[in-house]
$ cat entry23.txt   # compact mmCIF, N, CA and C atoms
# COMPACT_ATOMS: atom_id res chain seq x y z
N MET V 1 -5.64 -10.11 -20.30
CA MET V 1 -4.29 -10.50 -19.94
C MET V 1 -3.45 -9.23 -19.94
N SER V 2 -2.71 -9.03 -18.87
CA SER V 2 -1.85 -7.86 -18.82
C SER V 2 -0.41 -8.29 -18.62
N ASP V 3 0.50 -7.66 -19.37
CA ASP V 3 1.91 -8.02 -19.27
C ASP V 3 2.47 -7.55 -17.94
N TYR V 4 3.40 -8.35 -17.41
CA TYR V 4 4.04 -8.01 -16.15
C TYR V 4 5.55 -8.05 -16.30
N GLY V 5 6.04 -8.16 -17.50
CA GLY V 5 7.45 -8.27 -17.78
C GLY V 5 7.61 -9.04 -19.07
N ASN V 6 8.84 -9.43 -19.39
CA ASN V 6 9.07 -10.13 -20.64
C ASN V 6 8.29 -11.42 -20.75
N ASP V 7 8.42 -12.30 -19.76
CA ASP V 7 7.77 -13.60 -19.82
C ASP V 7 6.76 -13.81 -18.71
N PHE V 8 6.44 -12.77 -17.96
CA PHE V 8 5.52 -12.90 -16.84
C PHE V 8 4.22 -12.18 -17.14
N VAL V 9 3.13 -12.81 -16.76
CA VAL V 9 1.81 -12.20 -16.94
C VAL V 9 1.01 -12.39 -15.67
N VAL V 10 0.09 -11.49 -15.45
CA VAL V 10 -0.87 -11.63 -14.37
C VAL V 10 -2.19 -11.98 -15.05
N LEU V 11 -2.73 -13.14 -14.69
CA LEU V 11 -4.00 -13.59 -15.26
C LEU V 11 -5.08 -13.49 -14.21
N THR V 12 -6.26 -13.07 -14.64
CA THR V 12 -7.39 -12.90 -13.74
C THR V 12 -8.44 -13.95 -14.08
N ASP V 13 -8.89 -14.69 -13.07
CA ASP V 13 -9.90 -15.72 -13.32
C ASP V 13 -11.30 -15.10 -13.33
N ASP V 14 -12.32 -15.93 -13.54
CA ASP V 14 -13.70 -15.45 -13.64
C ASP V 14 -14.20 -14.79 -12.36
N GLU V 15 -13.56 -15.10 -11.23
CA GLU V 15 -13.99 -14.54 -9.95
C GLU V 15 -13.19 -13.30 -9.56
N GLY V 16 -12.30 -12.84 -10.45
CA GLY V 16 -11.52 -11.64 -10.20
C GLY V 16 -10.22 -11.88 -9.45
N ASN V 17 -9.87 -13.12 -9.18
CA ASN V 17 -8.61 -13.44 -8.51
C ASN V 17 -7.46 -13.34 -9.50
N GLU V 18 -6.35 -12.71 -9.07
CA GLU V 18 -5.19 -12.55 -9.93
C GLU V 18 -4.10 -13.54 -9.56
N TYR V 19 -3.46 -14.09 -10.59
CA TYR V 19 -2.38 -15.06 -10.41
C TYR V 19 -1.24 -14.68 -11.35
N GLU V 20 -0.02 -14.80 -10.86
CA GLU V 20 1.14 -14.48 -11.69
C GLU V 20 1.72 -15.77 -12.25
N PHE V 21 1.95 -15.78 -13.56
CA PHE V 21 2.48 -16.94 -14.25
C PHE V 21 3.67 -16.54 -15.10
N GLU V 22 4.51 -17.52 -15.38
CA GLU V 22 5.58 -17.34 -16.35
C GLU V 22 5.18 -18.06 -17.63
N HIS V 23 5.23 -17.34 -18.74
CA HIS V 23 4.92 -17.92 -20.05
C HIS V 23 6.13 -18.70 -20.50
N VAL V 24 5.94 -20.00 -20.83
CA VAL V 24 7.08 -20.83 -21.23
C VAL V 24 7.06 -21.21 -22.70
N ASP V 25 5.89 -21.19 -23.35
CA ASP V 25 5.85 -21.57 -24.76
C ASP V 25 4.50 -21.20 -25.36
N THR V 26 4.50 -21.05 -26.68
CA THR V 26 3.27 -20.82 -27.45
C THR V 26 3.27 -21.81 -28.60
N LEU V 27 2.11 -22.36 -28.89
CA LEU V 27 1.98 -23.39 -29.90
C LEU V 27 0.80 -23.08 -30.80
N GLU V 28 1.01 -23.15 -32.11
CA GLU V 28 -0.07 -23.02 -33.10
C GLU V 28 -0.44 -24.42 -33.55
N MET V 29 -1.71 -24.77 -33.43
CA MET V 29 -2.16 -26.09 -33.83
C MET V 29 -3.61 -26.02 -34.27
N ASN V 30 -3.91 -26.58 -35.44
CA ASN V 30 -5.27 -26.59 -35.97
C ASN V 30 -5.88 -25.20 -36.00
N GLU V 31 -5.09 -24.22 -36.44
CA GLU V 31 -5.52 -22.84 -36.56
C GLU V 31 -5.94 -22.21 -35.23
N GLU V 32 -5.44 -22.76 -34.14
CA GLU V 32 -5.68 -22.22 -32.80
C GLU V 32 -4.33 -21.91 -32.17
N THR V 33 -4.31 -20.97 -31.24
CA THR V 33 -3.09 -20.61 -30.53
C THR V 33 -3.25 -21.02 -29.07
N TYR V 34 -2.27 -21.77 -28.58
CA TYR V 34 -2.26 -22.23 -27.20
C TYR V 34 -1.02 -21.70 -26.52
N MET V 35 -1.14 -21.39 -25.24
CA MET V 35 0.00 -20.89 -24.48
C MET V 35 0.17 -21.74 -23.23
N ALA V 36 1.43 -22.01 -22.88
CA ALA V 36 1.75 -22.80 -21.70
C ALA V 36 2.39 -21.89 -20.65
N PHE V 37 1.97 -22.07 -19.40
CA PHE V 37 2.44 -21.27 -18.28
C PHE V 37 2.79 -22.17 -17.10
N ILE V 38 3.68 -21.68 -16.24
CA ILE V 38 3.90 -22.28 -14.93
C ILE V 38 3.72 -21.16 -13.92
N PRO V 39 3.38 -21.49 -12.68
CA PRO V 39 3.29 -20.44 -11.65
C PRO V 39 4.60 -19.68 -11.56
N ALA V 40 4.54 -18.37 -11.42
CA ALA V 40 5.72 -17.51 -11.46
C ALA V 40 6.72 -17.84 -10.37
N GLU V 41 6.26 -18.30 -9.23
CA GLU V 41 7.18 -18.58 -8.14
C GLU V 41 7.90 -19.91 -8.30
N MET V 42 7.56 -20.67 -9.32
CA MET V 42 8.19 -21.96 -9.57
C MET V 42 9.28 -21.78 -10.62
N SER V 43 10.30 -22.64 -10.57
CA SER V 43 11.30 -22.67 -11.63
C SER V 43 11.05 -23.91 -12.47
N LEU V 44 11.60 -23.93 -13.66
CA LEU V 44 11.39 -25.07 -14.54
C LEU V 44 12.07 -26.34 -14.02
N GLU V 45 13.03 -26.19 -13.11
CA GLU V 45 13.69 -27.35 -12.53
C GLU V 45 12.79 -28.05 -11.52
N GLU V 46 11.88 -27.30 -10.91
CA GLU V 46 10.95 -27.87 -9.94
C GLU V 46 9.78 -28.52 -10.69
N GLU V 47 9.18 -29.49 -10.03
CA GLU V 47 8.01 -30.11 -10.63
C GLU V 47 6.83 -29.17 -10.43
N ALA V 48 6.26 -28.72 -11.53
CA ALA V 48 5.16 -27.76 -11.46
C ALA V 48 4.06 -28.18 -12.41
N GLU V 49 2.90 -27.70 -12.12
CA GLU V 49 1.77 -27.96 -13.00
C GLU V 49 1.87 -27.02 -14.20
N LEU V 50 1.81 -27.60 -15.39
CA LEU V 50 1.81 -26.81 -16.60
C LEU V 50 0.38 -26.40 -16.89
N VAL V 51 0.16 -25.11 -17.00
CA VAL V 51 -1.17 -24.58 -17.27
C VAL V 51 -1.25 -24.26 -18.76
N VAL V 52 -2.21 -24.87 -19.45
CA VAL V 52 -2.39 -24.67 -20.89
C VAL V 52 -3.68 -23.89 -21.10
N LEU V 53 -3.57 -22.78 -21.81
CA LEU V 53 -4.72 -21.93 -22.12
C LEU V 53 -4.78 -21.67 -23.61
N LYS V 54 -6.00 -21.46 -24.10
CA LYS V 54 -6.23 -21.18 -25.52
C LYS V 54 -6.47 -19.68 -25.69
N LEU V 55 -5.86 -19.10 -26.73
CA LEU V 55 -6.05 -17.69 -27.04
C LEU V 55 -7.35 -17.54 -27.81
N ILE V 56 -8.23 -16.71 -27.28
CA ILE V 56 -9.55 -16.49 -27.88
C ILE V 56 -9.64 -15.04 -28.36
N ASN V 57 -10.05 -14.86 -29.59
CA ASN V 57 -10.31 -13.53 -30.12
C ASN V 57 -11.78 -13.49 -30.46
N GLU V 58 -12.53 -12.73 -29.69
CA GLU V 58 -13.99 -12.71 -29.84
C GLU V 58 -14.46 -11.66 -30.84
N GLY V 59 -13.74 -11.51 -31.94
CA GLY V 59 -14.14 -10.58 -32.98
C GLY V 59 -13.80 -9.14 -32.67
N THR V 60 -13.07 -8.91 -31.61
CA THR V 60 -12.66 -7.56 -31.26
C THR V 60 -11.14 -7.53 -31.18
N ASP V 61 -10.61 -6.38 -30.83
CA ASP V 61 -9.16 -6.27 -30.65
C ASP V 61 -8.71 -6.94 -29.35
N ASP V 62 -9.66 -7.18 -28.45
CA ASP V 62 -9.33 -7.80 -27.17
C ASP V 62 -9.14 -9.30 -27.33
N GLU V 63 -8.02 -9.78 -26.85
CA GLU V 63 -7.76 -11.21 -26.84
C GLU V 63 -7.89 -11.69 -25.40
N MET V 64 -8.32 -12.93 -25.27
CA MET V 64 -8.56 -13.48 -23.96
C MET V 64 -8.00 -14.89 -23.91
N LEU V 65 -7.51 -15.30 -22.77
CA LEU V 65 -7.06 -16.67 -22.58
C LEU V 65 -8.16 -17.43 -21.85
N ALA V 66 -8.42 -18.63 -22.32
CA ALA V 66 -9.47 -19.46 -21.73
C ALA V 66 -8.96 -20.87 -21.52
N SER V 67 -9.54 -21.55 -20.55
CA SER V 67 -9.16 -22.95 -20.33
C SER V 67 -9.65 -23.79 -21.50
N VAL V 68 -8.99 -24.91 -21.69
CA VAL V 68 -9.37 -25.85 -22.76
C VAL V 68 -10.29 -26.87 -22.11
N ASP V 69 -11.58 -26.80 -22.46
CA ASP V 69 -12.58 -27.65 -21.81
C ASP V 69 -12.68 -29.05 -22.40
N ASP V 70 -12.34 -29.20 -23.66
CA ASP V 70 -12.42 -30.52 -24.31
C ASP V 70 -11.21 -31.35 -23.87
N GLU V 71 -11.47 -32.46 -23.20
CA GLU V 71 -10.40 -33.29 -22.63
C GLU V 71 -9.46 -33.84 -23.69
N ASP V 72 -9.98 -34.28 -24.84
CA ASP V 72 -9.14 -34.80 -25.91
C ASP V 72 -8.23 -33.71 -26.48
N GLU V 73 -8.80 -32.53 -26.71
CA GLU V 73 -8.01 -31.39 -27.21
C GLU V 73 -6.92 -31.03 -26.21
N LEU V 74 -7.28 -30.98 -24.92
CA LEU V 74 -6.31 -30.63 -23.88
C LEU V 74 -5.17 -31.63 -23.84
N GLN V 75 -5.47 -32.92 -23.89
CA GLN V 75 -4.44 -33.94 -23.84
C GLN V 75 -3.51 -33.86 -25.05
N THR V 76 -4.07 -33.60 -26.22
CA THR V 76 -3.26 -33.47 -27.44
C THR V 76 -2.31 -32.27 -27.33
N VAL V 77 -2.84 -31.13 -26.93
CA VAL V 77 -2.04 -29.91 -26.82
C VAL V 77 -1.00 -30.06 -25.71
N PHE V 78 -1.42 -30.62 -24.58
CA PHE V 78 -0.51 -30.83 -23.46
C PHE V 78 0.66 -31.72 -23.88
N GLY V 79 0.36 -32.77 -24.61
CA GLY V 79 1.40 -33.67 -25.10
C GLY V 79 2.38 -32.96 -26.02
N GLN V 80 1.86 -32.08 -26.88
CA GLN V 80 2.73 -31.31 -27.79
C GLN V 80 3.66 -30.39 -27.00
N PHE V 81 3.11 -29.71 -25.98
CA PHE V 81 3.94 -28.84 -25.16
C PHE V 81 5.01 -29.64 -24.44
N LEU V 82 4.65 -30.76 -23.85
CA LEU V 82 5.64 -31.57 -23.13
C LEU V 82 6.75 -32.04 -24.05
N GLU V 83 6.37 -32.45 -25.25
CA GLU V 83 7.37 -32.90 -26.23
C GLU V 83 8.33 -31.76 -26.56
N ARG V 84 7.79 -30.57 -26.78
CA ARG V 84 8.62 -29.41 -27.11
C ARG V 84 9.51 -29.02 -25.94
N LEU V 85 8.95 -29.03 -24.72
CA LEU V 85 9.70 -28.61 -23.55
C LEU V 85 10.80 -29.61 -23.18
N GLN V 86 10.61 -30.87 -23.52
CA GLN V 86 11.61 -31.88 -23.21
C GLN V 86 12.71 -31.94 -24.27
N ASN V 87 12.51 -31.26 -25.37
CA ASN V 87 13.49 -31.22 -26.45
C ASN V 87 14.66 -30.31 -26.05
N ASP V 88 15.87 -30.83 -26.10
CA ASP V 88 17.06 -30.06 -25.72
C ASP V 88 17.20 -28.79 -26.55
N ASP V 89 16.80 -28.82 -27.82
CA ASP V 89 16.92 -27.64 -28.68
C ASP V 89 16.07 -26.49 -28.17
N PHE V 90 14.95 -26.77 -27.53
CA PHE V 90 14.07 -25.73 -27.00
C PHE V 90 14.84 -24.87 -26.00
N TRP V 91 15.56 -25.49 -25.08
CA TRP V 91 16.27 -24.76 -24.04
C TRP V 91 17.54 -24.11 -24.59
N GLU V 92 18.19 -24.73 -25.57
CA GLU V 92 19.37 -24.13 -26.17
C GLU V 92 19.03 -22.82 -26.86
N ASP V 93 17.87 -22.75 -27.51
CA ASP V 93 17.45 -21.52 -28.16
C ASP V 93 17.29 -20.40 -27.14
N ASP V 94 16.68 -20.70 -25.98
CA ASP V 94 16.52 -19.70 -24.93
C ASP V 94 17.87 -19.23 -24.41
N GLU V 95 18.81 -20.17 -24.20
CA GLU V 95 20.13 -19.81 -23.72
C GLU V 95 20.87 -18.95 -24.73
N ASP V 96 20.73 -19.28 -26.04
CA ASP V 96 21.37 -18.49 -27.09
C ASP V 96 20.83 -17.07 -27.09
N GLU V 97 19.50 -16.90 -26.93
CA GLU V 97 18.90 -15.57 -26.90
C GLU V 97 19.41 -14.78 -25.70
N GLU V 98 19.51 -15.44 -24.52
CA GLU V 98 20.01 -14.75 -23.33
C GLU V 98 21.45 -14.31 -23.52
N GLU V 99 22.28 -15.17 -24.14
CA GLU V 99 23.67 -14.81 -24.38
C GLU V 99 23.77 -13.64 -25.34
N GLU V 100 22.91 -13.60 -26.38
CA GLU V 100 22.92 -12.48 -27.32
C GLU V 100 22.53 -11.19 -26.62
N GLU V 101 21.52 -11.25 -25.72
CA GLU V 101 21.10 -10.06 -24.99
C GLU V 101 22.22 -9.57 -24.08
N ASP V 102 22.94 -10.50 -23.44
CA ASP V 102 24.04 -10.14 -22.56
C ASP V 102 25.17 -9.46 -23.32
N ASP V 103 25.37 -9.88 -24.58
CA ASP V 103 26.45 -9.33 -25.40
C ASP V 103 26.15 -7.91 -25.85
N GLU V 104 24.88 -7.53 -25.90
CA GLU V 104 24.50 -6.21 -26.41
C GLU V 104 24.76 -5.11 -25.42

$ encode --input "entry23.txt" --output "structure tokens"
Amino acid sequence: MSDYGNDFVVLTDDEGNEYEFEHVDTLEMNEETYMAFIPAEMSLEEEAELVVLKLINEGTDDEMLASVDDEDELQTVFGQFLERLQNDDFWEDDEDEEEEEDDE
């Protein structure tokens, strides 16, 4: 995973294809880290597919994002992200951070 800005990343699939995503949230659950993304060209106001990936550390300093293959695990994590993203406090925190950055 390579950073492309504050909240943007370029992810490369197994076939070497690169895709740009916007990182919208990170969730710790059952000692695992999950990250939620939307395609970079989409805004949160538009209906977009939420991409959920699990952070994998294979015993090295390199971290990798992988798809969640277990359907039950994916549904549980997806539900948690949707609940968090639909919470008004989630967006207010982002707006507060942006206002603080603007003030600096």

$ closest_residue --input "entry23.txt" --among "V:Ala36, V:Asn87, V:Leu27, V:Leu65" --to "V:Val51" --atoms "only N, CA and C atoms"
V:Ala36

$ atom_distance --input "entry23.txt" --atom1 "atom N of V:Phe78" --atom2 "atom CA of V:Glu18"
23.6 Å

$ atom_distance --input "entry23.txt" --atom1 "atom N of V:Glu22" --atom2 "atom N of V:Ser67"
15.5 Å

$ atom_distance --input "entry23.txt" --atom1 "atom N of V:Leu50" --atom2 "atom N of V:Asp62"
26.8 Å

$ axis_aligned_box --input "entry23.txt" --around "stretch 74-77 of chain V" --padding-each-side "5 Å" --output "lines of an AutoDock Vina configuration file"
center_x = -4.1
center_y = -31.9
center_z = -25.6
size_x = 16.3
size_y = 14.0
size_z = 13.6

$ closest_residue --input "entry23.txt" --among "V:Phe8, V:Tyr19, V:Phe81, V:Tyr34" --to "V:Val68" --atoms "only C-alpha atoms"
V:Tyr34

$ closest_residue --input "entry23.txt" --among "V:Glu63, V:Glu47, V:Met29, V:Asp7" --to "V:Val77" --atoms "only N, CA and C atoms"
V:Met29

$ build_atoms --input "entry23.txt" --residues "stretch 46-71 of chain V" --atoms "N, CA, C and O atoms" --output "PDB file, in the frame of the given file"
ATOM      1  N   GLU V  46      11.880 -27.300 -10.910  1.00  0.00           N
ATOM      2  CA  GLU V  46      10.950 -27.870  -9.940  1.00  0.00           C
ATOM      3  C   GLU V  46       9.780 -28.520 -10.690  1.00  0.00           C
ATOM      4  O   GLU V  46       9.441 -28.123 -11.798  1.00  0.00           O
ATOM      5  N   GLU V  47       9.180 -29.490 -10.030  1.00  0.00           N
ATOM      6  CA  GLU V  47       8.010 -30.110 -10.630  1.00  0.00           C
ATOM      7  C   GLU V  47       6.830 -29.170 -10.430  1.00  0.00           C
ATOM      8  O   GLU V  47       6.478 -28.807  -9.312  1.00  0.00           O
ATOM      9  N   ALA V  48       6.260 -28.720 -11.530  1.00  0.00           N
ATOM     10  CA  ALA V  48       5.160 -27.760 -11.460  1.00  0.00           C
ATOM     11  C   ALA V  48       4.060 -28.180 -12.410  1.00  0.00           C
ATOM     12  O   ALA V  48       4.287 -28.898 -13.376  1.00  0.00           O
ATOM     13  N   GLU V  49       2.900 -27.700 -12.120  1.00  0.00           N
ATOM     14  CA  GLU V  49       1.770 -27.960 -13.000  1.00  0.00           C
ATOM     15  C   GLU V  49       1.870 -27.020 -14.200  1.00  0.00           C
ATOM     16  O   GLU V  49       2.044 -25.815 -14.053  1.00  0.00           O
ATOM     17  N   LEU V  50       1.810 -27.600 -15.390  1.00  0.00           N
ATOM     18  CA  LEU V  50       1.810 -26.810 -16.600  1.00  0.00           C
ATOM     19  C   LEU V  50       0.380 -26.400 -16.890  1.00  0.00           C
ATOM     20  O   LEU V  50      -0.518 -27.233 -16.982  1.00  0.00           O
ATOM     21  N   VAL V  51       0.160 -25.110 -17.000  1.00  0.00           N
ATOM     22  CA  VAL V  51      -1.170 -24.580 -17.270  1.00  0.00           C
ATOM     23  C   VAL V  51      -1.250 -24.260 -18.760  1.00  0.00           C
ATOM     24  O   VAL V  51      -0.448 -23.496 -19.287  1.00  0.00           O
ATOM     25  N   VAL V  52      -2.210 -24.870 -19.450  1.00  0.00           N
ATOM     26  CA  VAL V  52      -2.390 -24.670 -20.890  1.00  0.00           C
ATOM     27  C   VAL V  52      -3.680 -23.890 -21.100  1.00  0.00           C
ATOM     28  O   VAL V  52      -4.750 -24.285 -20.632  1.00  0.00           O
ATOM     29  N   LEU V  53      -3.570 -22.780 -21.810  1.00  0.00           N
ATOM     30  CA  LEU V  53      -4.720 -21.930 -22.120  1.00  0.00           C
ATOM     31  C   LEU V  53      -4.780 -21.670 -23.610  1.00  0.00           C
ATOM     32  O   LEU V  53      -3.761 -21.641 -24.297  1.00  0.00           O
ATOM     33  N   LYS V  54      -6.000 -21.460 -24.100  1.00  0.00           N
ATOM     34  CA  LYS V  54      -6.230 -21.180 -25.520  1.00  0.00           C
ATOM     35  C   LYS V  54      -6.470 -19.680 -25.690  1.00  0.00           C
ATOM     36  O   LYS V  54      -7.208 -19.064 -24.909  1.00  0.00           O
ATOM     37  N   LEU V  55      -5.860 -19.100 -26.730  1.00  0.00           N
ATOM     38  CA  LEU V  55      -6.050 -17.690 -27.040  1.00  0.00           C
ATOM     39  C   LEU V  55      -7.350 -17.540 -27.810  1.00  0.00           C
ATOM     40  O   LEU V  55      -7.559 -18.179 -28.845  1.00  0.00           O
ATOM     41  N   ILE V  56      -8.230 -16.710 -27.280  1.00  0.00           N
ATOM     42  CA  ILE V  56      -9.550 -16.490 -27.880  1.00  0.00           C
ATOM     43  C   ILE V  56      -9.640 -15.040 -28.360  1.00  0.00           C
ATOM     44  O   ILE V  56      -9.329 -14.117 -27.612  1.00  0.00           O
ATOM     45  N   ASN V  57     -10.050 -14.860 -29.590  1.00  0.00           N
ATOM     46  CA  ASN V  57     -10.310 -13.530 -30.120  1.00  0.00           C
ATOM     47  C   ASN V  57     -11.780 -13.490 -30.460  1.00  0.00           C
ATOM     48  O   ASN V  57     -12.236 -14.127 -31.387  1.00  0.00           O
ATOM     49  N   GLU V  58     -12.530 -12.730 -29.690  1.00  0.00           N
ATOM     50  CA  GLU V  58     -13.990 -12.710 -29.840  1.00  0.00           C
ATOM     51  C   GLU V  58     -14.460 -11.660 -30.840  1.00  0.00           C
ATOM     52  O   GLU V  58     -15.458 -10.992 -30.626  1.00  0.00           O
ATOM     53  N   GLY V  59     -13.740 -11.510 -31.940  1.00  0.00           N
ATOM     54  CA  GLY V  59     -14.140 -10.580 -32.980  1.00  0.00           C
ATOM     55  C   GLY V  59     -13.800  -9.140 -32.670  1.00  0.00           C
ATOM     56  O   GLY V  59     -14.213  -8.236 -33.377  1.00  0.00           O
ATOM     57  N   THR V  60     -13.070  -8.910 -31.610  1.00  0.00           N
ATOM     58  CA  THR V  60     -12.660  -7.560 -31.260  1.00  0.00           C
ATOM     59  C   THR V  60     -11.140  -7.530 -31.180  1.00  0.00           C
ATOM     60  O   THR V  60     -10.473  -8.529 -31.414  1.00  0.00           O
ATOM     61  N   ASP V  61     -10.610  -6.380 -30.830  1.00  0.00           N
ATOM     62  CA  ASP V  61      -9.160  -6.270 -30.650  1.00  0.00           C
ATOM     63  C   ASP V  61      -8.710  -6.940 -29.350  1.00  0.00           C
ATOM     64  O   ASP V  61      -7.539  -7.204 -29.171  1.00  0.00           O
ATOM     65  N   ASP V  62      -9.660  -7.180 -28.450  1.00  0.00           N
ATOM     66  CA  ASP V  62      -9.330  -7.800 -27.170  1.00  0.00           C
ATOM     67  C   ASP V  62      -9.140  -9.300 -27.330  1.00  0.00           C
ATOM     68  O   ASP V  62      -9.995  -9.981 -27.900  1.00  0.00           O
ATOM     69  N   GLU V  63      -8.020  -9.780 -26.850  1.00  0.00           N
ATOM     70  CA  GLU V  63      -7.760 -11.210 -26.840  1.00  0.00           C
ATOM     71  C   GLU V  63      -7.890 -11.690 -25.400  1.00  0.00           C
ATOM     72  O   GLU V  63      -7.622 -10.947 -24.462  1.00  0.00           O
ATOM     73  N   MET V  64      -8.320 -12.930 -25.270  1.00  0.00           N
ATOM     74  CA  MET V  64      -8.560 -13.480 -23.960  1.00  0.00           C
ATOM     75  C   MET V  64      -8.000 -14.890 -23.910  1.00  0.00           C
ATOM     76  O   MET V  64      -7.996 -15.595 -24.916  1.00  0.00           O
ATOM     77  N   LEU V  65      -7.510 -15.300 -22.770  1.00  0.00           N
ATOM     78  CA  LEU V  65      -7.060 -16.670 -22.580  1.00  0.00           C
ATOM     79  C   LEU V  65      -8.160 -17.430 -21.850  1.00  0.00           C
ATOM     80  O   LEU V  65      -8.738 -16.935 -20.892  1.00  0.00           O
ATOM     81  N   ALA V  66      -8.420 -18.630 -22.320  1.00  0.00           N
ATOM     82  CA  ALA V  66      -9.470 -19.460 -21.730  1.00  0.00           C
ATOM     83  C   ALA V  66      -8.960 -20.870 -21.520  1.00  0.00           C
ATOM     84  O   ALA V  66      -8.076 -21.339 -22.246  1.00  0.00           O
ATOM     85  N   SER V  67      -9.540 -21.550 -20.550  1.00  0.00           N
ATOM     86  CA  SER V  67      -9.160 -22.950 -20.330  1.00  0.00           C
ATOM     87  C   SER V  67      -9.650 -23.790 -21.500  1.00  0.00           C
ATOM     88  O   SER V  67     -10.585 -23.426 -22.209  1.00  0.00           O
ATOM     89  N   VAL V  68      -8.990 -24.910 -21.690  1.00  0.00           N
ATOM     90  CA  VAL V  68      -9.370 -25.850 -22.760  1.00  0.00           C
ATOM     91  C   VAL V  68     -10.290 -26.870 -22.110  1.00  0.00           C
ATOM     92  O   VAL V  68      -9.863 -27.694 -21.309  1.00  0.00           O
ATOM     93  N   ASP V  69     -11.580 -26.800 -22.460  1.00  0.00           N
ATOM     94  CA  ASP V  69     -12.580 -27.650 -21.810  1.00  0.00           C
ATOM     95  C   ASP V  69     -12.680 -29.050 -22.400  1.00  0.00           C
ATOM     96  O   ASP V  69     -13.065 -29.979 -21.703  1.00  0.00           O
ATOM     97  N   ASP V  70     -12.340 -29.200 -23.660  1.00  0.00           N
ATOM     98  CA  ASP V  70     -12.420 -30.520 -24.310  1.00  0.00           C
ATOM     99  C   ASP V  70     -11.210 -31.350 -23.870  1.00  0.00           C
ATOM    100  O   ASP V  70     -10.066 -30.985 -24.133  1.00  0.00           O
ATOM    101  N   GLU V  71     -11.470 -32.460 -23.200  1.00  0.00           N
ATOM    102  CA  GLU V  71     -10.400 -33.290 -22.630  1.00  0.00           C
ATOM    103  C   GLU V  71      -9.460 -33.840 -23.690  1.00  0.00           C
ATOM    104  O   GLU V  71      -8.248 -33.866 -23.499  1.00  0.00           O
TER     105      GLU V  71
END
